[in-house]
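Printed here is run-v9.cif (mmCIF, C-alpha atoms):
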data_upload
loop_
_atom_site.label_atom_id
_atom_site.label_comp_id
_atom_site.auth_asym_id
_atom_site.auth_seq_id
_atom_site.Cartn_x
_atom_site.Cartn_y
_atom_site.Cartn_z
CA MET A 1 -17.87 23.12 -49.93
CA GLU A 2 -14.94 21.27 -48.33
CA ASN A 3 -16.07 19.06 -45.46
CA SER A 4 -14.16 18.28 -42.26
CA ASP A 5 -12.89 14.91 -43.56
CA ASP A 6 -11.39 16.58 -46.63
CA ARG A 7 -9.68 19.21 -44.49
CA ALA A 8 -8.27 16.53 -42.17
CA THR A 9 -6.91 14.64 -45.18
CA SER A 10 -5.30 17.75 -46.63
CA ASP A 11 -3.62 18.51 -43.30
CA ARG A 12 -1.84 15.15 -43.50
CA ILE A 13 -0.29 15.93 -46.88
CA LEU A 14 3.28 17.18 -46.67
CA LYS A 15 4.01 19.80 -49.32
CA GLU A 16 7.09 19.36 -51.43
CA GLY A 17 10.20 20.57 -49.65
CA ASP A 18 8.27 21.24 -46.40
CA MET A 19 10.25 20.34 -43.25
CA SER A 20 8.14 22.18 -40.69
CA TYR A 21 6.22 20.15 -38.13
CA ASP A 22 5.72 22.89 -35.55
CA ARG A 23 2.39 23.83 -34.06
CA PRO A 24 0.96 27.26 -34.79
CA LEU A 25 2.85 30.06 -33.03
CA LEU A 26 1.89 30.69 -29.42
CA PRO A 27 1.01 34.15 -28.09
CA ILE A 28 4.03 36.27 -27.21
CA GLY A 29 5.76 35.17 -24.01
CA TRP A 30 4.38 31.63 -23.92
CA MET A 31 6.47 28.49 -24.45
CA LYS A 32 5.34 24.91 -24.94
CA CYS A 33 6.75 22.17 -22.69
CA THR A 34 6.31 18.39 -22.73
CA GLN A 35 6.61 16.64 -19.40
CA PRO A 36 8.70 13.40 -19.44
CA GLU A 37 5.53 11.30 -19.18
CA GLY A 38 4.08 13.13 -22.20
CA ALA A 39 1.78 15.76 -20.68
CA LEU A 40 1.65 19.10 -22.52
CA TYR A 41 1.76 22.41 -20.64
CA TYR A 42 2.71 26.04 -21.22
CA VAL A 43 5.07 28.42 -19.40
CA HIS A 44 5.15 32.22 -19.38
CA GLU A 45 8.68 32.84 -18.07
CA LYS A 46 8.38 36.62 -17.69
CA LYS A 47 5.21 36.42 -15.57
CA ARG A 48 6.28 33.06 -14.08
CA ILE A 49 2.96 31.36 -14.91
CA ILE A 50 2.44 27.65 -15.63
CA THR A 51 -0.75 26.25 -17.12
CA ASP A 52 -2.12 23.41 -19.22
CA LEU A 53 -4.84 25.66 -20.69
CA THR A 54 -4.82 27.59 -23.95
CA GLU A 55 -7.12 30.59 -23.29
CA SER A 56 -4.18 32.98 -23.00
CA GLN A 57 -6.10 36.24 -22.64
CA GLN A 58 -8.40 34.97 -19.89
CA LEU A 59 -5.43 33.33 -18.20
CA LEU A 60 -3.50 36.59 -18.10
CA GLU A 61 -6.47 38.45 -16.66
CA THR A 62 -6.90 35.82 -13.96
CA SER A 63 -3.18 35.78 -13.20
CA ASP A 64 -3.06 39.59 -12.92
CA TYR A 65 -5.86 39.47 -10.35
CA LEU A 66 -4.14 36.72 -8.34
CA LEU A 67 -0.77 38.50 -8.43
CA ASP A 68 -2.39 41.73 -7.23
CA ARG A 69 -3.99 39.83 -4.36
CA ALA A 70 -0.61 38.31 -3.44
CA ARG A 71 1.01 41.75 -3.37
CA GLN A 72 -1.81 43.18 -1.24
CA LEU A 73 -1.31 40.37 1.28
CA GLY A 74 2.46 40.85 1.29
CA LEU A 75 3.06 37.31 0.00
CA PRO A 76 6.36 36.50 -1.72
CA PHE A 77 6.45 36.44 -5.50
CA HIS A 78 10.18 36.73 -6.12
CA SER A 79 12.19 35.26 -8.98
CA ASP A 80 12.04 31.83 -7.35
CA ALA A 81 8.24 31.72 -7.13
CA GLU A 82 5.57 30.90 -9.71
CA LEU A 83 1.84 30.67 -10.25
CA VAL A 84 0.02 27.60 -11.55
CA ILE A 85 -3.44 27.93 -13.12
CA THR A 86 -5.44 24.94 -14.27
CA GLU A 87 -9.02 23.90 -14.90
CA VAL A 88 -11.15 22.43 -12.10
CA PRO A 89 -14.80 21.35 -11.89
CA GLY A 90 -17.05 24.26 -10.91
CA PRO A 91 -20.62 24.48 -9.64
CA ASN A 92 -23.46 23.21 -11.85
CA GLY A 93 -21.04 21.11 -13.90
CA ARG A 94 -19.26 24.09 -15.49
CA LYS A 95 -15.49 24.46 -15.65
CA ASP A 96 -13.64 26.90 -13.46
CA PHE A 97 -10.08 28.07 -12.82
CA GLY A 98 -8.02 26.55 -10.01
CA TYR A 99 -4.66 27.91 -8.88
CA TYR A 100 -1.82 27.78 -6.39
CA PHE A 101 1.43 29.69 -5.85
CA VAL A 102 4.79 27.97 -5.39
CA ASP A 103 7.72 29.27 -3.34
CA HIS A 104 10.79 27.25 -4.34
CA GLN A 105 12.98 28.77 -1.64
CA GLN A 106 10.75 27.34 1.11
CA ARG A 107 9.41 24.38 -0.89
CA LEU A 108 5.86 25.43 -0.12
CA LEU A 109 2.57 26.11 -1.85
CA PHE A 110 0.36 29.03 -0.83
CA TRP A 111 -2.94 30.63 -1.79
CA VAL A 112 -4.52 34.10 -1.67
CA ASP A 113 -7.82 32.60 -0.48
CA ASP A 114 -8.70 30.34 2.44
CA TYR A 115 -7.75 26.75 1.67
CA ASP A 116 -8.80 23.59 3.54
CA LEU A 117 -5.56 21.64 4.01
CA SER A 118 -7.43 18.47 4.94
CA GLU A 119 -7.95 17.95 1.20
CA ILE A 120 -4.27 16.96 0.92
CA PHE A 121 -4.06 14.81 4.07
CA PHE A 122 -4.43 11.46 2.22
CA ASN A 123 -7.13 10.26 4.69
CA VAL A 124 -4.68 10.57 7.59
CA LYS A 125 -6.56 11.24 10.83
CA GLY A 126 -5.37 13.21 13.84
CA VAL A 127 -3.36 15.88 11.99
CA THR A 128 -3.39 18.89 14.34
CA ALA A 129 0.16 20.29 14.48
CA ARG A 130 1.07 23.03 12.02
CA ASP A 131 4.50 21.55 11.29
CA HIS A 132 2.81 18.24 10.48
CA MET A 133 0.47 20.01 8.05
CA LYS A 134 3.52 21.62 6.49
CA GLN A 135 4.85 18.17 5.56
CA ALA A 136 1.66 17.55 3.57
CA VAL A 137 2.22 20.84 1.70
CA ILE A 138 5.85 19.88 1.02
CA THR A 139 4.59 16.63 -0.50
CA GLN A 140 2.37 18.68 -2.82
CA TYR A 141 5.41 20.80 -3.70
CA TRP A 142 7.31 17.74 -4.91
CA MET A 143 4.26 16.61 -6.85
CA HIS A 144 4.26 20.03 -8.53
CA ILE A 145 7.92 19.64 -9.53
CA GLY A 146 7.17 16.21 -10.98
CA LEU A 147 4.27 17.61 -13.01
CA TYR A 148 6.25 20.58 -14.36
CA PRO A 149 9.97 19.63 -14.44
CA ASN A 150 10.94 21.39 -17.68
CA ARG A 151 13.22 24.44 -17.70
CA ARG A 152 14.46 23.72 -14.16
CA GLU A 153 17.96 23.05 -12.96
CA LEU A 154 18.71 19.93 -10.97
CA LYS A 155 19.71 21.43 -7.61
CA ALA A 156 22.64 19.99 -5.68
CA ASP A 157 20.74 20.28 -2.37
CA ASP A 158 17.78 18.31 -3.73
CA TYR A 159 20.07 15.63 -5.11
CA GLU A 160 22.08 15.27 -1.90
CA GLU A 161 19.01 15.23 0.34
CA LEU A 162 17.28 12.49 -1.66
CA ARG A 163 20.47 10.45 -1.84
CA ASN A 164 20.85 10.59 1.96
CA ILE A 165 17.17 9.69 2.45
CA LEU A 166 17.59 6.63 0.24
CA ILE A 167 20.76 5.54 2.05
CA GLY A 168 19.01 5.83 5.41
CA ALA A 169 15.92 3.99 4.15
CA ILE A 170 18.04 1.17 2.73
CA ALA A 171 19.84 0.79 6.07
CA ASP A 172 16.49 0.71 7.88
CA ALA A 173 15.05 -1.90 5.50
CA ALA A 174 18.18 -4.04 5.80
CA THR A 175 18.28 -4.04 9.61
CA SER A 176 14.60 -3.79 10.67
CA GLN A 177 11.79 -6.30 10.46
CA THR A 178 9.23 -3.49 10.18
CA PRO A 179 10.75 -0.65 8.11
CA LEU A 180 8.69 2.43 7.31
CA ALA A 181 10.09 3.08 3.84
CA PRO A 182 7.45 3.14 1.07
CA PHE A 183 9.51 0.70 -1.05
CA ASP A 184 11.16 -2.66 -0.49
CA LEU A 185 14.91 -3.06 -0.13
CA ASP A 186 15.65 -4.16 -3.71
CA SER A 187 13.63 -1.30 -5.19
CA MET A 188 15.45 1.28 -3.07
CA VAL A 189 18.86 -0.10 -4.03
CA ARG A 190 17.91 0.35 -7.68
CA MET A 191 16.53 3.82 -6.95
CA LEU A 192 19.78 4.87 -5.27
CA ASP A 193 21.76 3.61 -8.26
CA LEU A 194 19.52 5.61 -10.59
CA VAL A 195 19.81 8.78 -8.49
CA GLU A 196 23.61 8.53 -8.34
CA LYS A 197 23.70 8.42 -12.14
CA LEU A 198 22.16 11.91 -12.13
CA GLU A 199 25.12 13.48 -10.33
CA GLY A 200 26.51 14.73 -13.62
CA SER A 201 23.29 16.67 -14.28
CA ILE A 202 23.55 18.83 -11.16
CA GLY A 203 23.26 22.48 -12.13
CA LYS A 204 21.89 21.63 -15.58
CA LYS A 205 18.38 21.90 -17.01
CA ASN A 206 17.57 18.23 -17.29
CA PRO A 207 13.77 17.67 -17.14
CA TYR A 208 14.16 13.91 -16.87
CA GLY A 209 16.59 14.18 -13.96
CA VAL A 210 14.40 16.74 -12.18
CA TRP A 211 11.35 14.52 -12.73
CA VAL A 212 13.12 11.46 -11.25
CA ILE A 213 14.23 13.40 -8.15
CA ALA A 214 10.72 14.85 -7.68
CA ARG A 215 9.00 11.50 -8.19
CA PHE A 216 11.08 9.78 -5.51
CA ALA A 217 10.99 12.78 -3.15
CA THR A 218 7.17 12.83 -3.35
CA GLU A 219 6.93 9.25 -2.12
CA PHE A 220 9.32 9.73 0.80
CA SER A 221 7.76 13.05 1.78
CA SER A 222 4.31 11.43 1.76
CA SER A 223 5.67 8.57 3.90
CA ARG A 224 7.01 11.04 6.49
CA PHE A 225 3.63 12.74 6.65
CA ILE A 226 1.65 9.49 6.94
CA ASN A 227 3.94 8.16 9.68
CA PHE A 228 3.80 11.42 11.71
CA SER A 229 7.55 11.97 11.37
CA GLY A 230 8.80 14.56 13.86
CA GLN A 231 5.61 14.35 15.95
CA PRO A 232 5.41 13.17 19.59
CA PHE A 233 3.45 10.06 18.56
CA ALA A 234 5.42 9.15 15.43
CA ARG A 235 5.04 5.65 14.03
CA LEU A 236 8.38 3.95 14.48
CA ASP A 237 7.58 0.64 12.79
CA ALA A 238 5.17 -0.68 10.21
CA GLY A 239 4.15 -3.13 12.77
CA LYS A 240 0.04 -10.61 13.64
CA ARG A 241 -2.45 -13.68 12.27
CA HIS A 242 -4.39 -12.34 9.26
CA LEU A 243 -6.70 -9.78 10.93
CA GLU A 244 -3.87 -8.26 13.01
CA GLU A 245 -1.61 -7.99 9.98
CA LEU A 246 -4.34 -6.37 7.90
CA LYS A 247 -5.00 -3.75 10.58
CA GLN A 248 -1.30 -2.98 11.00
CA MET A 249 -0.70 -2.57 7.26
CA TRP A 250 -3.81 -0.47 6.67
CA VAL A 251 -3.59 2.41 9.12
CA ASP A 252 -5.79 5.48 8.53
CA GLN A 253 -7.05 3.82 5.33
CA ILE A 254 -3.53 3.96 3.84
CA VAL A 255 -1.63 0.87 2.74
CA HIS A 256 2.04 0.34 3.58
CA TYR A 257 2.59 -1.31 0.21
CA PRO A 258 5.99 -3.01 0.74
CA SER A 259 4.59 -4.76 3.83
CA TRP A 260 1.44 -5.62 1.87
CA GLN A 261 3.52 -7.18 -0.93
CA LYS A 262 5.44 -9.31 1.58
CA TYR A 263 2.19 -10.31 3.24
CA ILE A 264 0.62 -11.37 -0.08
CA ALA A 265 3.78 -13.27 -1.08
CA LYS A 266 3.67 -15.13 2.25
CA LEU A 267 -0.02 -15.91 1.79
CA THR A 268 0.59 -17.23 -1.72
CA SER A 269 3.39 -19.48 -0.43
CA ASP A 270 1.17 -20.74 2.41
CA TRP A 271 -1.71 -21.51 0.03
CA ALA A 272 0.63 -23.46 -2.25
CA ARG A 273 1.75 -25.60 0.70
CA PHE A 274 -1.83 -26.12 1.86
CA THR A 275 -2.73 -27.31 -1.64
CA ILE A 276 0.02 -29.95 -1.46
CA PHE A 277 -1.02 -31.07 2.04
CA SER A 278 -4.70 -31.21 1.04
CA THR A 279 -3.87 -33.27 -2.05
CA VAL A 280 -1.91 -35.77 0.07
CA LEU A 281 -4.77 -35.94 2.58
CA LEU A 282 -7.30 -36.43 -0.24
CA THR A 283 -5.28 -39.32 -1.64
CA THR A 284 -5.03 -40.92 1.80
CA ASP A 285 -8.77 -40.55 2.38
CA VAL A 286 -9.60 -42.22 -0.92
CA GLY A 287 -7.13 -45.01 -0.17
CA LEU A 288 -8.69 -45.57 3.25
CA LEU A 289 -12.16 -45.87 1.76
CA ALA A 290 -10.87 -48.65 -0.46
CA ALA A 291 -9.69 -50.68 2.56
CA PRO A 292 -11.71 -53.90 3.03
CA THR A 293 -11.97 -53.23 6.78
CA LEU A 294 -14.47 -50.42 6.16
CA GLY A 295 -16.80 -52.74 4.35
CA GLY A 296 -18.25 -54.14 7.56
CA GLY A 297 -21.38 -52.88 9.22
CA GLY A 298 -22.00 -51.46 12.67
CA GLY A 299 -22.39 -47.97 14.10
CA PHE A 300 -18.65 -47.32 14.48
CA MET A 301 -17.95 -48.31 10.89
CA THR A 302 -20.72 -46.06 9.56
CA ALA A 303 -19.41 -43.11 11.59
CA ALA A 304 -15.84 -43.83 10.40
CA ILE A 305 -16.94 -43.84 6.76
CA ALA A 306 -18.89 -40.58 7.27
CA SER A 307 -15.82 -38.94 8.85
CA VAL A 308 -13.59 -39.96 5.94
CA TYR A 309 -16.12 -38.65 3.42
CA LEU A 310 -16.30 -35.33 5.26
CA SER A 311 -12.50 -35.22 5.32
CA ILE A 312 -12.54 -35.59 1.52
CA PHE A 313 -15.02 -32.70 1.22
CA PHE A 314 -12.85 -30.41 3.37
CA SER A 315 -9.69 -31.40 1.47
CA VAL A 316 -11.29 -30.49 -1.85
CA ALA A 317 -12.59 -27.21 -0.35
CA SER A 318 -9.07 -26.35 0.83
CA ILE A 319 -7.64 -26.98 -2.66
CA LEU A 320 -10.37 -24.96 -4.39
CA THR A 321 -10.10 -21.94 -2.07
CA SER A 322 -6.29 -21.97 -2.32
CA ILE A 323 -6.44 -21.88 -6.13
CA GLN A 324 -9.07 -19.14 -6.23
CA LEU A 325 -7.31 -16.93 -3.68
CA THR A 326 -3.95 -17.33 -5.46
CA ASN A 327 -5.56 -16.22 -8.73
CA ARG A 328 -7.30 -13.31 -7.04
CA VAL A 329 -4.22 -11.79 -5.37
CA SER A 330 -2.41 -11.82 -8.72
CA GLY A 331 -5.13 -9.63 -10.28
CA LYS A 332 -5.54 -5.86 -10.65
CA GLU A 333 -7.09 -5.41 -7.20
CA TYR A 334 -3.69 -6.10 -5.63
CA SER A 335 -1.39 -4.60 -8.29
CA SER A 336 -0.73 -1.20 -6.65
CA ALA A 337 -1.07 0.68 -3.39
CA THR A 338 -3.99 2.69 -4.81
CA SER A 339 -5.99 -0.33 -5.96
CA THR A 340 -5.23 -2.22 -2.74
CA SER A 341 -6.34 0.73 -0.63
CA ALA A 342 -9.54 0.96 -2.68
CA LEU A 343 -10.16 -2.76 -2.09
CA LEU A 344 -9.66 -2.46 1.66
CA THR A 345 -11.81 0.67 1.84
CA ARG A 346 -14.61 -1.09 -0.03
CA THR A 347 -14.28 -4.17 2.18
CA SER A 348 -14.29 -2.11 5.39
CA LYS A 349 -17.73 -0.75 4.47
CA SER A 350 -19.24 -4.23 4.13
CA VAL A 351 -21.24 -5.94 6.88
CA PHE A 352 -18.24 -7.72 8.44
CA GLY A 353 -15.57 -5.14 7.53
CA THR A 354 -11.97 -6.26 7.03
CA ASP A 355 -12.75 -9.31 9.19
CA SER A 356 -14.25 -10.87 6.05
CA LEU A 357 -10.90 -10.64 4.23
CA ALA A 358 -9.06 -12.19 7.19
CA ILE A 359 -11.59 -15.03 7.34
CA MET A 360 -11.38 -15.60 3.59
CA TYR A 361 -7.56 -15.72 3.66
CA SER A 362 -7.75 -18.30 6.47
CA LEU A 363 -10.18 -20.66 4.71
CA PRO A 364 -7.60 -22.97 3.03
CA TYR A 365 -5.87 -23.56 6.37
CA ALA A 366 -9.15 -23.97 8.27
CA PHE A 367 -10.49 -26.49 5.72
CA LEU A 368 -7.21 -28.43 5.85
CA VAL A 369 -7.26 -28.59 9.66
CA TRP A 370 -10.86 -29.84 9.66
CA GLY A 371 -9.97 -32.40 6.99
CA ILE A 372 -7.10 -33.71 9.11
CA PHE A 373 -9.29 -33.78 12.22
CA LEU A 374 -12.02 -35.76 10.47
CA PHE A 375 -9.46 -38.16 9.00
CA VAL A 376 -8.00 -38.79 12.46
CA LEU A 377 -11.53 -39.19 13.83
CA GLY A 378 -12.31 -41.80 11.16
CA ILE A 379 -9.11 -43.73 11.93
CA SER A 380 -9.86 -43.55 15.67
CA LEU A 381 -13.38 -44.89 15.19
CA LEU A 382 -11.99 -47.68 13.06
CA VAL A 383 -9.32 -48.66 15.60
CA PHE A 384 -11.45 -48.42 18.74
CA SER A 385 -14.33 -50.34 17.20
CA SER A 386 -12.23 -53.47 17.79
CA THR A 387 -13.48 -55.92 20.44
CA ASN A 388 -9.93 -57.01 21.31
CA ARG A 389 -9.51 -55.47 24.77
CA ALA A 390 -5.82 -56.29 25.03
CA MET A 391 -5.09 -54.39 21.82
CA LEU A 392 -7.17 -51.42 22.99
CA ALA A 393 -5.39 -51.32 26.33
CA SER A 394 -2.00 -51.22 24.62
CA LEU A 395 -2.99 -48.66 21.99
CA ALA A 396 -4.89 -46.18 24.21
CA PRO A 397 -1.87 -44.81 26.17
CA LEU A 398 0.16 -44.44 22.97
CA TYR A 399 -2.78 -42.78 21.25
CA PHE A 400 -3.15 -40.28 24.11
CA LEU A 401 0.61 -39.55 24.15
CA LEU A 402 0.68 -38.94 20.41
CA PHE A 403 -2.36 -36.66 20.70
CA VAL A 404 -0.70 -34.53 23.39
CA CYS A 405 2.58 -34.31 21.43
CA SER A 406 0.65 -33.38 18.27
CA ILE A 407 -1.06 -30.37 19.82
CA TRP A 408 1.96 -29.32 21.88
CA PRO A 409 3.48 -27.04 19.15
CA SER A 410 0.16 -25.23 18.84
CA ILE A 411 -0.35 -24.50 22.53
CA SER A 412 3.26 -23.99 23.64
CA GLY A 413 3.52 -20.48 22.19
CA ARG A 414 -0.04 -19.33 22.78
CA GLY A 415 -0.05 -18.45 26.45
CA ALA A 416 -0.51 -21.95 27.91
CA PHE A 417 2.29 -21.44 30.39
CA GLU A 418 1.13 -17.92 31.19
CA MET A 419 -2.33 -19.33 31.91
CA PHE A 420 -0.74 -21.86 34.26
CA GLU A 421 1.20 -19.06 36.01
CA LYS A 422 -2.07 -17.16 36.58
CA SER A 423 -4.16 -20.18 37.55
CA TRP A 424 -5.64 -20.55 41.06
CA TRP A 425 -3.77 -23.84 41.49
CA ARG A 426 -0.39 -22.21 40.80
CA ARG A 427 -1.23 -19.25 43.07
CA SER A 428 -2.31 -21.61 45.84
CA LEU A 429 1.00 -23.47 45.59
CA ILE A 430 2.92 -20.21 45.88
CA ARG A 431 0.82 -19.10 48.86
CA GLY A 432 1.40 -22.48 50.48
CA LYS A 433 5.14 -22.15 50.06
CA SER A 434 5.06 -18.64 51.52
CA VAL A 435 3.11 -19.81 54.57
CA HIS A 436 5.54 -22.66 55.23
CA ALA A 437 8.47 -20.29 54.86
CA ALA A 438 6.92 -17.94 57.42
CA GLU A 439 6.36 -20.80 59.82
CA VAL A 440 10.02 -21.80 59.57
#

Please express the file's structure as structure tokens.
Amino acid sequence: MENSDDRATSDRILKEGDMSYDRPLLPIGWMKCTQPEGALYYVHEKKRIITDLTESQQLLETSDYLLDRARQLGLPFHSDAELVITEVPGPNGRKDFGYYFVDHQQRLLFWVDDYDLSEIFFNVKGVTARDHMKQAVITQYWMHIGLYPNRRELKADDYEELRNILIGAIADAATSQTPLAPFDLDSMVRMLDLVEKLEGSIGKKNPYGVWVIARFATEFSSSRFINFSGQPFARLDAGKRHLEELKQMWVDQIVHYPSWQKYIAKLTSDWARFTIFSTVLLTTDVGLLAAPTLGGGGGFMTAAIASVYLSIFFSVASILTSIQLTNRVSGKEYSSATSTSALLTRTSKSVFGTDSLAIMYSLPYAFLVWGIFLFVLGISLLVFSSTNRAMLASLAPLYFLLFVCSIWPSISGRGAFEMFEKSWWRRSLIRGKSVHAAEV
């Protein structure tokens, strides 16, 4: 008896003169299609059915039932509509049929049973308007075209609409600090160039061209839905230290990926600079420890040495955290919008939520600041441990002036002047001036 291995081997042998590589014939009416990404599916053009399953008889019975239901409900099934049937998980682990109808004239999907539209809302909260829900269905329509682009003409209206969307998005990205487009400026310029190369395929059955248009249209349609386009409370910008930026880029558990990429690039640049600063500080600390002046005894000297040692520890911590964080953001967790959203979702369910990410991203800077502070403290203890009163009297005013000038950049833009404007002293001065003016 011939076993399975022998049969498999015999199937690989090409008979002399044989030039046929086709699969076995399909049932009458069915045609095989290969999607540009390689997925196999089947089309029944007469009945306008699309499926990736092979049980033709059971499929036809199911499709007849669904088509009868559509006719009973008065739903459109004209020449520009079609039915998709696929396999979905059923109860008790068994497989079941899933379906949806497509109306190409309205760019909509519809069903002959009740359907919960929240399943296609991408975690967006607050969707209540019917026209907003429609945008989610339109997004699913473009996903459908991308999944099954074969035997379709590239429509002039679809081409022109996507081209105009790209032009508008490029203008927005070029002139706005917080664009809403789902891609960065360079990517959209390349996308527009690619789309314009498809102009010669308009009116032709070009599955690759149709797939490209559908792929891009899906992303922009999804972006319009997520940003409540056309709604009274539409998001008009993508909208800062770390915690604020994280919250503004991750709205409704959805990542605005171009902003996220810019944010990560900025973080990586900051961490590289902090590594350089920490290395310089570490070298200075080690050099200071080697100074003969620190060899003496006394309480001030001991405290100065302890401060310099602590400064070394914080400098090393800043370098280590910078290196680890740089390696982490270049990994798979940050490589796509999906993986980034999964990371943020997982983090939000932890004890500290997304605050933990913001704190972690701030560690290299925090360690560096503490290292600098402890270094300055060590120097101060060393200087003011001197018993020469004349030298201390001359250095103290300069030391205070330098201290004020050093912290000035940090406090000047953080509400210091606003606090002064609201202070009781400032208000009392204004009241005093008003009283004197009244007396005059």

- stretch 127-143 of chain A environment, 12 Å, only C-alpha atoms, sequence neighbours closer than 5 positions dropped, as a PyMOL selection string: chain A and resi 81-82+84+100-111+115-122+148-149+158+162+210-234+252

- Task: Spell out the residues picked by the PyMOL selection byres ((chain A and resi 43) around 8) here, as a list in words.
- Result: Trp30, Met31, Lys32, Cys33, Tyr41, Tyr42, His44, Glu45, Arg48, Ile49, Ile50 and Thr51 of chain A

- Any chance you could resolve the PyMOL selection byres ((chain A and resi 205) around 8) against this file and give the residues as a ChimeraX atom specification? /A:150-154,201,203-204,206-207

Selection above as a file: C-alpha atoms, as a JSON list (two decimals), in the coordinates of the input:
[["chain", "number", "residue", "atom", "x", "y", "z"],
["A", 150, "ASN", "CA", 10.94, 21.39, -17.68],
["A", 151, "ARG", "CA", 13.22, 24.44, -17.70],
["A", 152, "ARG", "CA", 14.46, 23.72, -14.16],
["A", 153, "GLU", "CA", 17.96, 23.05, -12.96],
["A", 154, "LEU", "CA", 18.71, 19.93, -10.97],
["A", 201, "SER", "CA", 23.29, 16.67, -14.28],
["A", 203, "GLY", "CA", 23.26, 22.48, -12.13],
["A", 204, "LYS", "CA", 21.89, 21.63, -15.58],
["A", 206, "ASN", "CA", 17.57, 18.23, -17.29],
["A", 207, "PRO", "CA", 13.77, 17.67, -17.14]]

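Atom to atom, atom CA of A:Ile379 and atom CA of A:Ala317 stand 20.9 Å apart.
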
- Task: Using the chain letters and residue numbers of this document, give as a PyMOL selection string the residues selected by the PyMOL selection byres ((chain A and resi 276-286) around 10).
- Result: chain A and resi 271-275+287-291+305+307-319+322+364-365+367-369+371-372+374-375+378
